[in-house]
file model.cif (mmCIF, C-alpha atoms)
data_start
loop_
_atom_site.group_PDB
_atom_site.id
_atom_site.type_symbol
_atom_site.label_atom_id
_atom_site.label_comp_id
_atom_site.auth_asym_id
_atom_site.auth_seq_id
_atom_site.Cartn_x
_atom_site.Cartn_y
_atom_site.Cartn_z
ATOM 1 C CA MET P 16 20.784 16.047 -18.160
ATOM 2 C CA SER P 17 22.483 18.853 -16.286
ATOM 3 C CA GLU P 18 26.007 18.872 -14.876
ATOM 4 C CA ALA P 19 26.651 20.013 -11.319
ATOM 5 C CA SER P 20 28.534 23.267 -11.750
ATOM 6 C CA SER P 21 28.279 25.566 -8.700
ATOM 7 C CA ILE P 22 29.198 25.352 -5.010
ATOM 8 C CA PRO P 23 26.164 26.485 -2.991
ATOM 9 C CA ALA P 24 26.218 27.643 0.610
ATOM 10 C CA ASP P 25 22.947 25.906 1.490
ATOM 11 C CA TRP P 26 23.991 22.300 0.951
ATOM 12 C CA TYR P 27 21.936 21.202 3.949
ATOM 13 C CA LYS P 28 18.381 22.191 4.752
ATOM 14 C CA VAL P 29 16.928 21.920 8.258
ATOM 15 C CA ARG P 30 13.217 21.688 8.967
ATOM 16 C CA HIS P 31 11.893 21.591 12.529
ATOM 17 C CA VAL P 32 9.182 18.916 12.527
ATOM 18 C CA SER P 33 7.984 18.717 16.119
ATOM 19 C CA ASP P 34 9.217 19.264 19.648
ATOM 20 C CA GLY P 35 12.856 18.245 19.613
ATOM 21 C CA ILE P 36 12.860 16.586 16.174
ATOM 22 C CA SER P 37 14.436 18.152 13.098
ATOM 23 C CA HIS P 38 14.597 16.897 9.531
ATOM 24 C CA ILE P 39 17.913 17.495 7.752
ATOM 25 C CA TYR P 40 18.572 16.727 4.099
ATOM 26 C CA GLU P 41 21.145 17.331 1.402
ATOM 27 C CA ASN P 42 19.505 19.959 -0.756
ATOM 28 C CA TYR P 43 21.470 19.163 -3.894
ATOM 29 C CA VAL P 44 21.202 15.388 -3.905
ATOM 30 C CA GLY P 45 18.490 14.119 -6.255
ATOM 31 C CA ASP P 46 15.187 13.683 -4.462
ATOM 32 C CA TRP P 47 14.891 10.160 -5.886
ATOM 33 C CA LEU P 48 17.937 9.234 -3.779
ATOM 34 C CA ARG P 49 18.602 11.596 -0.870
ATOM 35 C CA CYS P 50 17.993 10.229 2.562
ATOM 36 C CA ASN P 51 16.296 11.900 5.487
ATOM 37 C CA ILE P 52 18.588 12.713 8.376
ATOM 38 C CA TRP P 53 16.702 12.944 11.679
ATOM 39 C CA HIS P 54 18.072 14.896 14.660
ATOM 40 C CA VAL P 55 16.343 14.213 17.981
ATOM 41 C CA ARG P 56 17.204 16.433 20.936
ATOM 42 C CA GLY P 57 17.037 14.964 24.409
ATOM 43 C CA ARG P 58 17.582 16.298 27.900
ATOM 44 C CA ASP P 59 20.810 14.360 28.418
ATOM 45 C CA ARG P 60 21.957 13.684 24.863
ATOM 46 C CA ASP P 61 20.967 13.935 21.211
ATOM 47 C CA ILE P 62 20.807 11.310 18.514
ATOM 48 C CA LEU P 63 21.192 11.571 14.759
ATOM 49 C CA ILE P 64 19.475 8.891 12.713
ATOM 50 C CA ASP P 65 21.526 8.475 9.510
ATOM 51 C CA SER P 66 23.941 11.006 8.053
ATOM 52 C CA GLY P 67 23.426 11.239 4.296
ATOM 53 C CA MET P 68 26.128 10.854 1.653
ATOM 54 C CA GLY P 69 28.716 12.878 3.547
ATOM 55 C CA LEU P 70 29.443 15.169 0.620
ATOM 56 C CA ARG P 71 29.853 18.148 2.973
ATOM 57 C CA PRO P 72 30.574 18.280 6.728
ATOM 58 C CA LEU P 73 27.389 18.076 8.771
ATOM 59 C CA LYS P 74 28.684 19.400 12.079
ATOM 60 C CA ALA P 75 30.474 22.361 10.544
ATOM 61 C CA GLU P 76 27.405 23.520 8.634
ATOM 62 C CA ILE P 77 24.547 22.732 11.036
ATOM 63 C CA SER P 78 25.044 24.613 14.283
ATOM 64 C CA GLN P 79 22.624 22.557 16.345
ATOM 65 C CA LEU P 80 24.790 19.464 15.766
ATOM 66 C CA ALA P 81 27.835 21.199 17.206
ATOM 67 C CA GLU P 82 26.169 22.514 20.370
ATOM 68 C CA ARG P 83 26.674 19.309 22.377
ATOM 69 C CA PRO P 84 27.662 15.662 21.812
ATOM 70 C CA VAL P 85 25.500 13.751 19.338
ATOM 71 C CA THR P 86 25.304 9.974 19.011
ATOM 72 C CA ALA P 87 25.130 8.933 15.351
ATOM 73 C CA ILE P 88 22.846 5.949 14.756
ATOM 74 C CA SER P 89 22.887 4.251 11.367
ATOM 75 C CA SER P 90 19.609 2.609 10.390
ATOM 76 C CA HIS P 91 21.625 0.467 7.948
ATOM 77 C CA ALA P 92 24.918 0.661 6.061
ATOM 78 C CA HIS P 93 23.963 1.891 2.578
ATOM 79 C CA PHE P 94 25.972 4.739 1.074
ATOM 80 C CA ASP P 95 23.192 7.327 1.133
ATOM 81 C CA HIS P 96 22.739 6.877 4.896
ATOM 82 C CA ILE P 97 26.232 6.616 6.434
ATOM 83 C CA GLY P 98 28.404 9.172 4.655
ATOM 84 C CA GLY P 99 28.673 11.613 7.556
ATOM 85 C CA ALA P 100 29.008 9.088 10.379
ATOM 86 C CA TYR P 101 32.779 9.553 10.612
ATOM 87 C CA GLU P 102 32.255 13.050 12.064
ATOM 88 C CA PHE P 103 30.789 11.695 15.310
ATOM 89 C CA ASP P 104 32.652 10.103 18.211
ATOM 90 C CA GLU P 105 29.853 7.685 19.134
ATOM 91 C CA ARG P 106 28.522 5.613 16.230
ATOM 92 C CA LEU P 107 25.904 2.904 16.732
ATOM 93 C CA GLY P 108 24.306 0.392 14.400
ATOM 94 C CA HIS P 109 23.534 -3.303 14.067
ATOM 95 C CA LYS P 110 26.461 -5.667 14.578
ATOM 96 C CA CYS P 111 25.850 -7.728 11.444
ATOM 97 C CA GLU P 112 26.748 -4.719 9.271
ATOM 98 C CA ALA P 113 29.758 -3.653 11.356
ATOM 99 C CA HIS P 114 32.136 -4.935 8.668
ATOM 100 C CA ILE P 115 30.583 -2.525 6.148
ATOM 101 C CA HIS P 116 31.035 0.482 8.436
ATOM 102 C CA GLN P 117 34.659 -0.506 8.917
ATOM 103 C CA ASN P 118 35.360 -1.069 5.214
ATOM 104 C CA PRO P 119 32.658 0.801 3.270
ATOM 105 C CA THR P 120 33.551 -0.115 -0.288
ATOM 106 C CA ARG P 121 31.253 1.030 -3.045
ATOM 107 C CA GLU P 122 30.078 -2.532 -3.586
ATOM 108 C CA ALA P 123 29.396 -3.160 0.103
ATOM 109 C CA THR P 124 27.434 0.095 0.521
ATOM 110 C CA CYS P 125 25.491 -0.303 -2.765
ATOM 111 C CA ALA P 126 27.151 2.782 -4.282
ATOM 112 C CA ILE P 127 27.202 1.162 -7.683
ATOM 113 C CA GLY P 128 25.385 1.156 -10.997
ATOM 114 C CA ALA P 129 22.716 3.715 -11.773
ATOM 115 C CA TRP P 130 22.676 5.286 -8.309
ATOM 116 C CA LEU P 131 25.832 7.310 -8.990
ATOM 117 C CA ARG P 132 25.379 9.363 -12.147
ATOM 118 C CA ALA P 133 25.514 12.990 -13.260
ATOM 119 C CA GLU P 134 22.034 13.663 -11.873
ATOM 120 C CA THR P 135 22.872 12.292 -8.419
ATOM 121 C CA VAL P 136 24.007 15.766 -7.380
ATOM 122 C CA THR P 137 22.895 19.021 -8.980
ATOM 123 C CA ALA P 138 25.660 21.247 -7.590
ATOM 124 C CA LEU P 139 29.273 20.788 -6.575
ATOM 125 C CA PRO P 140 29.777 20.028 -2.866
ATOM 126 C CA HIS P 141 33.385 21.195 -3.219
ATOM 127 C CA GLU P 142 35.976 22.063 -5.840
ATOM 128 C CA GLY P 143 37.222 19.145 -7.896
ATOM 129 C CA PHE P 144 34.285 16.880 -7.049
ATOM 130 C CA HIS P 145 33.474 14.122 -9.519
ATOM 131 C CA ILE P 146 30.699 11.632 -8.790
ATOM 132 C CA GLU P 147 32.866 8.848 -10.227
ATOM 133 C CA ASP P 148 35.298 9.345 -7.339
ATOM 134 C CA PHE P 149 32.681 9.171 -4.593
ATOM 135 C CA GLN P 150 33.694 7.003 -1.647
ATOM 136 C CA ILE P 151 32.342 6.611 1.879
ATOM 137 C CA ARG P 152 34.863 7.285 4.644
ATOM 138 C CA PRO P 153 35.321 4.430 7.134
ATOM 139 C CA ALA P 154 33.488 4.971 10.424
ATOM 140 C CA PRO P 155 33.705 1.790 12.513
ATOM 141 C CA LEU P 156 30.843 1.333 14.939
ATOM 142 C CA THR P 157 31.723 2.155 18.541
ATOM 143 C CA GLY P 158 28.762 0.167 19.858
ATOM 144 C CA TYR P 159 25.911 -2.027 18.709
ATOM 145 C CA LEU P 160 22.120 -1.824 18.749
ATOM 146 C CA ASP P 161 19.921 -4.891 18.531
ATOM 147 C CA ASP P 162 16.279 -5.798 18.915
ATOM 148 C CA GLY P 163 14.893 -4.697 22.265
ATOM 149 C CA ASP P 164 17.716 -2.335 23.141
ATOM 150 C CA VAL P 165 16.732 1.046 24.584
ATOM 151 C CA VAL P 166 18.136 4.439 23.622
ATOM 152 C CA ASP P 167 17.466 6.770 26.561
ATOM 153 C CA LEU P 168 17.840 10.515 25.999
ATOM 154 C CA GLY P 169 16.792 11.395 29.531
ATOM 155 C CA ASN P 170 13.349 12.717 28.692
ATOM 156 C CA ARG P 171 12.722 10.482 25.667
ATOM 157 C CA VAL P 172 13.137 6.740 25.317
ATOM 158 C CA PHE P 173 13.336 4.835 22.028
ATOM 159 C CA THR P 174 13.189 1.061 21.636
ATOM 160 C CA VAL P 175 15.222 -0.561 18.874
ATOM 161 C CA PHE P 176 13.555 -2.984 16.470
ATOM 162 C CA HIS P 177 15.704 -5.161 14.227
ATOM 163 C CA LEU P 178 13.659 -5.422 11.021
ATOM 164 C CA PRO P 179 15.900 -7.013 8.378
ATOM 165 C CA GLY P 180 15.117 -7.667 4.741
ATOM 166 C CA HIS P 181 16.040 -4.451 2.991
ATOM 167 C CA SER P 182 19.455 -5.167 4.483
ATOM 168 C CA PRO P 183 20.537 -7.660 7.158
ATOM 169 C CA GLY P 184 21.105 -4.974 9.784
ATOM 170 C CA SER P 185 18.145 -2.680 9.176
ATOM 171 C CA ILE P 186 16.808 -1.200 12.397
ATOM 172 C CA ALA P 187 14.053 1.228 13.378
ATOM 173 C CA LEU P 188 13.528 3.177 16.606
ATOM 174 C CA LEU P 189 10.105 3.532 18.245
ATOM 175 C CA GLU P 190 9.202 6.003 20.979
ATOM 176 C CA ALA P 191 6.408 4.237 22.853
ATOM 177 C CA ALA P 192 5.217 7.399 24.597
ATOM 178 C CA THR P 193 4.386 9.138 21.305
ATOM 179 C CA GLY P 194 4.200 6.328 18.738
ATOM 180 C CA ILE P 195 6.905 8.064 16.685
ATOM 181 C CA MET P 196 9.013 5.677 14.634
ATOM 182 C CA LEU P 197 12.288 6.534 12.913
ATOM 183 C CA SER P 198 12.207 3.799 10.303
ATOM 184 C CA GLY P 199 15.256 4.158 8.098
ATOM 185 C CA ASP P 200 14.606 2.177 4.933
ATOM 186 C CA VAL P 201 12.435 -0.457 6.579
ATOM 187 C CA ILE P 202 9.486 1.524 5.226
ATOM 188 C CA TYR P 203 8.960 4.773 3.332
ATOM 189 C CA ASP P 204 6.301 6.080 0.957
ATOM 190 C CA ALA P 205 7.759 4.948 -2.371
ATOM 191 C CA ALA P 206 8.863 1.749 -4.088
ATOM 192 C CA LEU P 207 10.689 -0.430 -1.570
ATOM 193 C CA ILE P 208 14.017 -2.103 -2.261
ATOM 194 C CA ASP P 209 14.188 -5.847 -1.606
ATOM 195 C CA ASN P 210 16.713 -6.772 -4.300
ATOM 196 C CA ALA P 211 20.031 -5.327 -3.162
ATOM 197 C CA TYR P 212 22.893 -7.832 -2.977
ATOM 198 C CA HIS P 213 22.159 -8.610 0.695
ATOM 199 C CA SER P 214 18.386 -8.094 0.673
ATOM 200 C CA ASP P 215 16.026 -10.951 1.436
ATOM 201 C CA ALA P 216 12.447 -10.477 0.262
ATOM 202 C CA ALA P 217 11.035 -13.291 2.419
ATOM 203 C CA ILE P 218 12.643 -11.918 5.581
ATOM 204 C CA TYR P 219 11.556 -8.416 4.573
ATOM 205 C CA ALA P 220 7.940 -9.598 4.409
ATOM 206 C CA GLU P 221 8.257 -11.043 7.917
ATOM 207 C CA SER P 222 9.631 -7.741 9.191
ATOM 208 C CA LEU P 223 6.768 -5.798 7.600
ATOM 209 C CA HIS P 224 4.216 -8.166 9.122
ATOM 210 C CA ARG P 225 5.800 -7.436 12.495
ATOM 211 C CA LEU P 226 5.933 -3.692 11.862
ATOM 212 C CA ARG P 227 2.229 -3.643 10.965
ATOM 213 C CA GLU P 228 1.351 -4.737 14.515
ATOM 214 C CA LEU P 229 3.514 -2.221 16.350
ATOM 215 C CA PRO P 230 1.837 0.780 18.051
ATOM 216 C CA VAL P 231 3.146 3.306 15.522
ATOM 217 C CA THR P 232 1.322 6.601 15.045
ATOM 218 C CA THR P 233 3.863 8.567 12.958
ATOM 219 C CA VAL P 234 6.659 7.332 10.696
ATOM 220 C CA HIS P 235 9.657 9.564 10.052
ATOM 221 C CA ALA P 236 11.102 7.531 7.214
ATOM 222 C CA GLY P 237 14.486 7.231 5.576
ATOM 223 C CA HIS P 238 13.190 8.811 2.367
ATOM 224 C CA GLY P 239 10.297 11.030 1.345
ATOM 225 C CA LEU P 240 7.578 12.494 3.525
ATOM 226 C CA SER P 241 6.497 11.399 6.978
ATOM 227 C CA PHE P 242 3.145 9.644 7.321
ATOM 228 C CA GLY P 243 0.712 8.157 9.792
ATOM 229 C CA ARG P 244 -0.383 4.694 10.827
ATOM 230 C CA ASP P 245 -3.035 4.218 8.144
ATOM 231 C CA LYS P 246 -0.549 5.049 5.389
ATOM 232 C CA MET P 247 1.998 2.722 6.951
ATOM 233 C CA LYS P 248 -0.462 -0.163 6.880
ATOM 234 C CA THR P 249 -1.417 0.632 3.274
ATOM 235 C CA ILE P 250 2.236 0.586 2.152
ATOM 236 C CA ILE P 251 2.817 -2.717 3.939
ATOM 237 C CA ASP P 252 -0.334 -4.298 2.532
ATOM 238 C CA GLU P 253 0.530 -3.187 -0.997
ATOM 239 C CA TYR P 254 4.021 -4.647 -0.697
ATOM 240 C CA LEU P 255 2.761 -7.928 0.727
ATOM 241 C CA ALA P 256 0.278 -8.138 -2.164
ATOM 242 C CA GLY P 257 3.134 -7.918 -4.675
ATOM 243 C CA GLY P 258 3.356 -4.173 -5.288
ATOM 244 C CA ARG P 259 5.596 -1.360 -4.029
ATOM 245 C CA ARG P 260 8.804 -2.961 -5.349
ATOM 246 C CA LEU P 261 11.524 -0.836 -6.901
ATOM 247 C CA GLY P 262 12.734 -3.502 -9.325
ATOM 248 C CA ASP P 263 15.403 -2.338 -11.764
ATOM 249 C CA ALA P 264 17.155 0.718 -10.333
ATOM 250 C CA ALA P 265 18.098 2.246 -13.680
ATOM 251 C CA ALA P 266 14.521 2.069 -14.954
ATOM 252 C CA TYR P 267 13.201 3.513 -11.688
ATOM 253 C CA ILE P 268 15.601 6.459 -11.829
ATOM 254 C CA GLU P 269 14.794 7.174 -15.469
ATOM 255 C CA ARG P 270 11.091 7.277 -14.598
ATOM 256 C CA ALA P 271 11.803 9.572 -11.644
ATOM 257 C CA LEU P 272 13.894 11.950 -13.741
ATOM 258 C CA GLY P 273 11.314 11.933 -16.496
ATOM 259 C CA ALA P 274 8.562 12.825 -14.064
ATOM 260 C CA ARG P 275 10.422 15.493 -12.070
ATOM 261 C CA GLY P 276 13.320 16.605 -14.248
ATOM 262 C CA PRO P 277 16.956 16.406 -13.202
ATOM 263 C CA GLU P 278 17.006 19.562 -11.053
ATOM 264 C CA CYS P 279 16.112 18.088 -7.687
ATOM 265 C CA GLY P 280 17.647 20.664 -5.346
#
call {"tool": "encode", "arguments": {"input": "model.cif", "output": "structure tokens"}}
result
Amino acid sequence: MSEASSIPADWYKVRHVSDGISHIYENYVGDWLRCNIWHVRGRDRDILIDSGMGLRPLKAEISQLAERPVTAISSHAHFDHIGGAYEFDERLGHKCEAHIHQNPTREATCAIGAWLRAETVTALPHEGFHIEDFQIRPAPLTGYLDDGDVVDLGNRVFTVFHLPGHSPGSIALLEAATGIMLSGDVIYDAALIDNAYHSDAAIYAESLHRLRELPVTTVHAGHGLSFGRDKMKTIIDEYLAGGRRLGDAAAYIERALGARGPECG
């Protein structure tokens, strides 16, 4: 196990994925945990899907986020996805998790147990940082997104799908014109979590059945690599057959660290 000991300049990495879409991630958060932050540029406005742990200021360190107003959309209210939301004036998410955004305790955001440990970060985000003191800053939603709502960027239009199960307010955004889906934690290419305190495995299965029938061509997920429709269907089918479940978080993290080592930056 290694202790975070230095303050790097490159806390965030930015990768341009396709026309108008960039992938942002916290370079020194363990790859078994760190979320994907997706920036989508539009003609009239930009959106940011999720905002990481908020260990360093996003807008101050990523110039493209400071160029014009950005609407922050939270796919759900878990600690690894909403930490930077407070930096943005417009903050959208599902209404049933509004109370978590307003009062993001460690318990409410799942920032408990094995997820916060020495290996969670591999460098200091700032002087005096201790993982034991980590806390999400309140960022009350300024508006709500629900199933069927449309997010119009002027030249791009995304439809909101409420796909609960991982959490009650989990949403994904689908651009019908391209088949691009920004899925949050509804689906990603790893073991899926259906056993958080407010998860519901039966509802999750219903959401995945629904997702399987949507006209998705590319998934930009909340964790890991992006993938296509065939991979999406395989992940769903494996979960519905009883696989792809994370199970015990501590055991999962130990396996991940054993396979990759603790230096995940």
call {"tool": "resolve_selection", "arguments": {"input": "model.cif", "expression": "the PyMOL selection byres ((chain P and resi 188) around 9)", "output": "PyMOL selection string"}}
result
chain P and resi 90+165-166+173-177+186-187+189-190+195-199
call {"tool": "write_last_selection", "arguments": {"input": "model.cif", "atoms": "C-alpha atoms", "output": "mmCIF file, keeping the file's coordinate frame"}}
result
data_model
loop_
_atom_site.group_PDB
_atom_site.id
_atom_site.type_symbol
_atom_site.label_atom_id
_atom_site.label_comp_id
_atom_site.auth_asym_id
_atom_site.auth_seq_id
_atom_site.Cartn_x
_atom_site.Cartn_y
_atom_site.Cartn_z
ATOM 1 C CA SER P 90 19.609 2.609 10.390
ATOM 2 C CA VAL P 165 16.732 1.046 24.584
ATOM 3 C CA VAL P 166 18.136 4.439 23.622
ATOM 4 C CA PHE P 173 13.336 4.835 22.028
ATOM 5 C CA THR P 174 13.189 1.061 21.636
ATOM 6 C CA VAL P 175 15.222 -0.561 18.874
ATOM 7 C CA PHE P 176 13.555 -2.984 16.470
ATOM 8 C CA HIS P 177 15.704 -5.161 14.227
ATOM 9 C CA ILE P 186 16.808 -1.200 12.397
ATOM 10 C CA ALA P 187 14.053 1.228 13.378
ATOM 11 C CA LEU P 189 10.105 3.532 18.245
ATOM 12 C CA GLU P 190 9.202 6.003 20.979
ATOM 13 C CA ILE P 195 6.905 8.064 16.685
ATOM 14 C CA MET P 196 9.013 5.677 14.634
ATOM 15 C CA LEU P 197 12.288 6.534 12.913
ATOM 16 C CA SER P 198 12.207 3.799 10.303
ATOM 17 C CA GLY P 199 15.256 4.158 8.098
#
call {"tool": "residues_around", "arguments": {"input": "model.cif", "residues": "P:Gly158", "least_positions_apart": "2", "cutoff": "12 Å", "atoms": "only C-alpha atoms", "output": "list in words"}}
result
Thr86, Ala87, Ile88, Ser89, Asp104, Glu105, Arg106, Leu107, Gly108, His109, Lys110, Cys111, Glu112, Ala113, His116, Ala154, Pro155, Leu156, Leu160, Asp161 and Asp164 of chain P
call {"tool": "write_last_selection", "arguments": {"input": "model.cif", "atoms": "C-alpha atoms", "output": "mmCIF file, keeping the file's coordinate frame"}}
result
data_model
loop_
_atom_site.group_PDB
_atom_site.id
_atom_site.type_symbol
_atom_site.label_atom_id
_atom_site.label_comp_id
_atom_site.auth_asym_id
_atom_site.auth_seq_id
_atom_site.Cartn_x
_atom_site.Cartn_y
_atom_site.Cartn_z
ATOM 1 C CA THR P 86 25.304 9.974 19.011
ATOM 2 C CA ALA P 87 25.130 8.933 15.351
ATOM 3 C CA ILE P 88 22.846 5.949 14.756
ATOM 4 C CA SER P 89 22.887 4.251 11.367
ATOM 5 C CA ASP P 104 32.652 10.103 18.211
ATOM 6 C CA GLU P 105 29.853 7.685 19.134
ATOM 7 C CA ARG P 106 28.522 5.613 16.230
ATOM 8 C CA LEU P 107 25.904 2.904 16.732
ATOM 9 C CA GLY P 108 24.306 0.392 14.400
ATOM 10 C CA HIS P 109 23.534 -3.303 14.067
ATOM 11 C CA LYS P 110 26.461 -5.667 14.578
ATOM 12 C CA CYS P 111 25.850 -7.728 11.444
ATOM 13 C CA GLU P 112 26.748 -4.719 9.271
ATOM 14 C CA ALA P 113 29.758 -3.653 11.356
ATOM 15 C CA HIS P 116 31.035 0.482 8.436
ATOM 16 C CA ALA P 154 33.488 4.971 10.424
ATOM 17 C CA PRO P 155 33.705 1.790 12.513
ATOM 18 C CA LEU P 156 30.843 1.333 14.939
ATOM 19 C CA LEU P 160 22.120 -1.824 18.749
ATOM 20 C CA ASP P 161 19.921 -4.891 18.531
ATOM 21 C CA ASP P 164 17.716 -2.335 23.141
#
call {"tool": "atom_distance", "arguments": {"input": "model.cif", "atom1": "atom CA of P:Pro153", "atom2": "atom CA of P:Tyr43"}}
result
23.0 Å
call {"tool": "residues_around", "arguments": {"input": "model.cif", "residues": "stretch 26-31 of chain P", "least_positions_apart": "6", "cutoff": "6 Å", "atoms": "all atoms listed in the file", "output": "NGL selection string"}}
result
:P and (37-42)
call {"tool": "write_last_selection", "arguments": {"input": "model.cif", "atoms": "C-alpha atoms", "output": "short mmCIF file (atom, residue, chain, number, x, y, z; two decimals), in the frame of the given file"}}
result
data_model
loop_
_atom_site.label_atom_id
_atom_site.label_comp_id
_atom_site.auth_asym_id
_atom_site.auth_seq_id
_atom_site.Cartn_x
_atom_site.Cartn_y
_atom_site.Cartn_z
CA SER P 37 14.44 18.15 13.10
CA HIS P 38 14.60 16.90 9.53
CA ILE P 39 17.91 17.50 7.75
CA TYR P 40 18.57 16.73 4.10
CA GLU P 41 21.14 17.33 1.40
CA ASN P 42 19.50 19.96 -0.76
#
call {"tool": "closest_residue", "arguments": {"input": "model.cif", "among": "P:Leu229, P:Leu223, P:Ile208, P:Ile77", "to": "P:Arg259", "atoms": "all atoms listed in the file"}}
result
P:Ile208
call {"tool": "closest_residue", "arguments": {"input": "model.cif", "among": "P:Gly273, P:Gly257, P:Pro23, P:Gly239", "to": "P:Ala138", "atoms": "all atoms listed in the file"}}
result
P:Pro23
call {"tool": "axis_aligned_box", "arguments": {"input": "model.cif", "around": "stretch 21-37 of chain P", "padding_each_side": "3 Å", "output": "JSON"}}
result
{"center_x": 18.6, "center_y": 22.1, "center_z": 5.5, "size_x": 27.2, "size_y": 17.1, "size_z": 34.3}
call {"tool": "decode", "arguments": {"input": "model.cif", "residues": "stretch 51-99 of chain P", "atoms": "C-alpha atoms", "output": "PDB file, in the first residue's frame"}}
result
ATOM      1  CA  ASN P  51     -15.878   9.330 -16.042  1.00  0.00           C
ATOM      2  CA  ILE P  52     -16.802  12.973 -16.416  1.00  0.00           C
ATOM      3  CA  TRP P  53     -18.289  13.729 -19.843  1.00  0.00           C
ATOM      4  CA  HIS P  54     -18.263  17.245 -21.329  1.00  0.00           C
ATOM      5  CA  VAL P  55     -20.538  17.752 -24.337  1.00  0.00           C
ATOM      6  CA  ARG P  56     -20.254  21.008 -26.267  1.00  0.00           C
ATOM      7  CA  GLY P  57     -23.332  22.373 -27.971  1.00  0.00           C
ATOM      8  CA  ARG P  58     -24.070  25.372 -30.145  1.00  0.00           C
ATOM      9  CA  ASP P  59     -26.104  27.141 -27.465  1.00  0.00           C
ATOM     10  CA  ARG P  60     -24.835  25.543 -24.264  1.00  0.00           C
ATOM     11  CA  ASP P  61     -22.652  22.777 -22.862  1.00  0.00           C
ATOM     12  CA  ILE P  62     -23.442  19.999 -20.444  1.00  0.00           C
ATOM     13  CA  LEU P  63     -21.246  18.130 -17.994  1.00  0.00           C
ATOM     14  CA  ILE P  64     -22.370  14.638 -17.069  1.00  0.00           C
ATOM     15  CA  ASP P  65     -21.101  13.982 -13.520  1.00  0.00           C
ATOM     16  CA  SER P  66     -18.272  15.807 -11.780  1.00  0.00           C
ATOM     17  CA  GLY P  67     -16.065  13.301  -9.968  1.00  0.00           C
ATOM     18  CA  MET P  68     -15.089  13.443  -6.299  1.00  0.00           C
ATOM     19  CA  GLY P  69     -14.471  17.185  -6.280  1.00  0.00           C
ATOM     20  CA  LEU P  70     -11.005  16.864  -4.786  1.00  0.00           C
ATOM     21  CA  ARG P  71      -9.743  19.754  -6.939  1.00  0.00           C
ATOM     22  CA  PRO P  72     -11.646  22.549  -8.728  1.00  0.00           C
ATOM     23  CA  LEU P  73     -12.786  21.477 -12.180  1.00  0.00           C
ATOM     24  CA  LYS P  74     -13.463  24.882 -13.700  1.00  0.00           C
ATOM     25  CA  ALA P  75     -10.206  26.400 -12.513  1.00  0.00           C
ATOM     26  CA  GLU P  76      -8.101  23.597 -13.969  1.00  0.00           C
ATOM     27  CA  ILE P  77      -9.938  22.731 -17.200  1.00  0.00           C
ATOM     28  CA  SER P  78     -10.081  25.772 -19.449  1.00  0.00           C
ATOM     29  CA  GLN P  79     -12.828  24.495 -21.721  1.00  0.00           C
ATOM     30  CA  LEU P  80     -15.221  24.407 -18.745  1.00  0.00           C
ATOM     31  CA  ALA P  81     -14.623  28.078 -18.023  1.00  0.00           C
ATOM     32  CA  GLU P  82     -15.125  29.340 -21.582  1.00  0.00           C
ATOM     33  CA  ARG P  83     -18.922  29.598 -21.319  1.00  0.00           C
ATOM     34  CA  PRO P  84     -21.750  28.477 -19.007  1.00  0.00           C
ATOM     35  CA  VAL P  85     -21.980  24.731 -18.409  1.00  0.00           C
ATOM     36  CA  THR P  86     -25.000  22.878 -17.047  1.00  0.00           C
ATOM     37  CA  ALA P  87     -23.937  20.153 -14.606  1.00  0.00           C
ATOM     38  CA  ILE P  88     -26.068  17.012 -14.858  1.00  0.00           C
ATOM     39  CA  SER P  89     -25.713  14.333 -12.199  1.00  0.00           C
ATOM     40  CA  SER P  90     -26.469  10.815 -13.400  1.00  0.00           C
ATOM     41  CA  HIS P  91     -27.063   9.893  -9.738  1.00  0.00           C
ATOM     42  CA  ALA P  92     -26.018  11.130  -6.299  1.00  0.00           C
ATOM     43  CA  HIS P  93     -23.096   8.883  -5.313  1.00  0.00           C
ATOM     44  CA  PHE P  94     -19.959  10.527  -3.948  1.00  0.00           C
ATOM     45  CA  ASP P  95     -17.697   9.676  -6.877  1.00  0.00           C
ATOM     46  CA  HIS P  96     -20.054  11.425  -9.315  1.00  0.00           C
ATOM     47  CA  ILE P  97     -21.217  14.662  -7.640  1.00  0.00           C
ATOM     48  CA  GLY P  98     -18.187  16.137  -5.890  1.00  0.00           C
ATOM     49  CA  GLY P  99     -17.665  19.039  -8.289  1.00  0.00           C
TER      50      GLY P  99
END
